[in-house]
Amino acid sequence: MIGRLRGIVVHQAPPWVVLEVQGVGYELEVPLGTFARLPAEEVPVCFLTHLVVREDAHLLYGFLDEDERQAFRQLLKISGVGPRLALAVLSGLSVSALGQAVERQEVDLLTRIPGIGKKTAQRLLLELKEKLVVPSLPEVSPSPSGGAALQVELAQALSGLGYHDREIQWALKQLPAGDLTLEQGIRQTLGWLARRES
């Protein structure tokens, strides 16, 4: 079992990163908000990992903190929730936002995440109640990304979640002027796309 990797991110293609550890490149699938929290190039970063072994593949999922990894593992314990859906939940909501949604039983908030309908959202909220540990520390606000670079990163992230070019271009046009972090951009575009589909 691989539980932790420390190295340098040498490639990013949301939701994937390649982490080079002593000459070996590990492919990790990470929540989309993680990209906004990655350090500058050539700065070592430590990922807590979760390994999923399937008949046709060994898949590594990476997280920058223990709260996120524990939330991912709690989601996997729910019947019918696989790694992809668990990662989609953590890409659409931070752990603290997910904890608040569980506490308030906010079904509508979860249904904004691609792949989650009303019944699935209700089941998630019910099964996560009293199981999800919400972090007590405030989240660090990442530095804003540049406009053009942000658009490219957002397009890659949304494409990785299965959205088509036409949907992605529409969502990018909705972004307000001014500085946004990648995480803020992802959450806003996912919200708009979910409302557009309903």
# chains A, B, ... in the order shown; residues from 1 in each chain; ligands from 1
>>> closest_atom_pairs(of="segment 48-123 of chain A", to="segment 11-29 of chain A", cutoff="10 Å", atoms="only C-alpha atoms", output="CSV")
residue,atom,partner,partner_atom,distance
A:Thr49,CA,A:Leu28,CA,8.3
A:His50,CA,A:Leu28,CA,9.5
A:Leu51,CA,A:Leu28,CA,9.6
A:Leu59,CA,A:Leu28,CA,7.5
A:Leu60,CA,A:Leu28,CA,5.1
A:Tyr61,CA,A:Glu29,CA,4.8
A:Gly62,CA,A:Leu28,CA,5.6
A:Phe63,CA,A:Glu29,CA,8.9
A:Pro83,CA,A:Glu29,CA,9.7
A:Arg84,CA,A:Glu29,CA,9.4
A:Leu87,CA,A:Glu29,CA,8.4
A:Ala88,CA,A:Pro15,CA,9.8
A:Ser91,CA,A:Pro15,CA,9.1
>>> select_by_dssp(residues="segment 33-176 of chain A", states="strand (DSSP E or B)", output="ChimeraX atom specification")
/A:45-53,58-63,145
>>> residues_around(residues="Val45 of chain A", least_positions_apart="4", cutoff="7 Å", atoms="only C-alpha atoms", output="PyMOL selection string")
chain A and resi 6-8
>>> closest_residue(among="A:Leu85, A:Glu66, A:Pro44, A:Pro39", to="Thr120 of chain A", atoms="only C-alpha atoms")
A:Leu85
>>> residues_around(residues="Leu110 of chain A", least_positions_apart="6", cutoff="9 Å", atoms="only C-alpha atoms", output="list in words")
Val89, Gly92, Leu93, Leu98, Ala101, Ile116, Gly117, Lys118, Thr120, Ala121, Gln122, Leu124 and Leu125 of chain A
>>> write_last_selection(atoms="all heavy atoms", output="compact mmCIF listing (two decimals), in the first residue's frame")
# COMPACT_ATOMS: atom_id res chain seq x y z
N VAL A 89 -17.14 14.78 -5.87
CA VAL A 89 -17.70 15.48 -4.70
C VAL A 89 -16.66 16.43 -4.11
O VAL A 89 -16.94 17.60 -3.82
CB VAL A 89 -18.18 14.47 -3.63
CG1 VAL A 89 -18.55 15.20 -2.33
CG2 VAL A 89 -19.38 13.67 -4.14
N GLY A 92 -16.04 19.45 -6.28
CA GLY A 92 -17.12 20.44 -6.25
C GLY A 92 -17.27 21.15 -4.93
O GLY A 92 -17.77 22.27 -4.88
N LEU A 93 -16.84 20.50 -3.84
CA LEU A 93 -16.98 21.06 -2.49
C LEU A 93 -15.71 20.84 -1.69
O LEU A 93 -15.12 19.76 -1.77
CB LEU A 93 -18.14 20.40 -1.74
CG LEU A 93 -19.56 20.59 -2.27
CD1 LEU A 93 -20.51 19.66 -1.54
CD2 LEU A 93 -20.00 22.03 -2.10
N LEU A 98 -18.51 20.50 2.47
CA LEU A 98 -19.22 19.22 2.48
C LEU A 98 -19.75 18.92 3.87
O LEU A 98 -20.89 18.49 4.05
CB LEU A 98 -18.29 18.09 2.02
CG LEU A 98 -18.88 16.67 2.04
CD1 LEU A 98 -20.11 16.56 1.14
CD2 LEU A 98 -17.82 15.65 1.61
N ALA A 101 -22.75 21.00 4.47
CA ALA A 101 -23.88 20.48 3.70
C ALA A 101 -24.49 19.26 4.39
O ALA A 101 -25.71 19.11 4.43
CB ALA A 101 -23.42 20.11 2.28
N ILE A 116 -24.41 13.47 -9.72
CA ILE A 116 -25.17 13.26 -8.49
C ILE A 116 -26.59 13.77 -8.66
O ILE A 116 -26.82 14.97 -8.86
CB ILE A 116 -24.50 13.95 -7.28
CG1 ILE A 116 -23.13 13.33 -7.03
CG2 ILE A 116 -25.37 13.82 -6.03
CD1 ILE A 116 -22.40 13.86 -5.83
N GLY A 117 -27.54 12.84 -8.60
CA GLY A 117 -28.95 13.19 -8.66
C GLY A 117 -29.49 13.38 -7.25
O GLY A 117 -28.77 13.24 -6.25
N LYS A 118 -30.77 13.68 -7.16
CA LYS A 118 -31.38 13.96 -5.87
C LYS A 118 -31.33 12.77 -4.92
O LYS A 118 -30.99 12.92 -3.74
CB LYS A 118 -32.83 14.42 -6.08
CG LYS A 118 -33.48 14.96 -4.81
CD LYS A 118 -34.82 15.59 -5.09
CE LYS A 118 -35.41 16.17 -3.79
NZ LYS A 118 -36.71 16.81 -4.03
N THR A 120 -29.25 10.17 -4.91
CA THR A 120 -27.86 9.92 -4.50
C THR A 120 -27.43 10.95 -3.46
O THR A 120 -26.78 10.61 -2.47
CB THR A 120 -26.91 9.97 -5.72
OG1 THR A 120 -27.36 9.05 -6.70
CG2 THR A 120 -25.48 9.62 -5.32
N ALA A 121 -27.78 12.21 -3.68
CA ALA A 121 -27.43 13.28 -2.75
C ALA A 121 -28.04 13.02 -1.38
O ALA A 121 -27.37 13.16 -0.34
CB ALA A 121 -27.89 14.63 -3.29
N GLN A 122 -29.31 12.61 -1.35
CA GLN A 122 -29.97 12.33 -0.07
C GLN A 122 -29.29 11.17 0.67
O GLN A 122 -29.09 11.23 1.87
CB GLN A 122 -31.45 11.99 -0.32
CG GLN A 122 -32.28 13.18 -0.73
CD GLN A 122 -33.68 12.80 -1.20
OE1 GLN A 122 -33.92 11.69 -1.68
NE2 GLN A 122 -34.63 13.74 -1.07
N LEU A 124 -26.12 10.18 0.28
CA LEU A 124 -24.80 10.63 0.74
C LEU A 124 -24.90 11.41 2.04
O LEU A 124 -24.15 11.18 2.99
CB LEU A 124 -24.13 11.49 -0.33
CG LEU A 124 -23.62 10.81 -1.60
CD1 LEU A 124 -23.07 11.83 -2.57
CD2 LEU A 124 -22.55 9.80 -1.26
N LEU A 125 -25.83 12.36 2.07
CA LEU A 125 -26.00 13.20 3.25
C LEU A 125 -26.40 12.38 4.47
O LEU A 125 -25.91 12.60 5.57
CB LEU A 125 -27.03 14.29 2.98
CG LEU A 125 -26.62 15.36 1.96
CD1 LEU A 125 -27.77 16.29 1.66
CD2 LEU A 125 -25.41 16.14 2.45
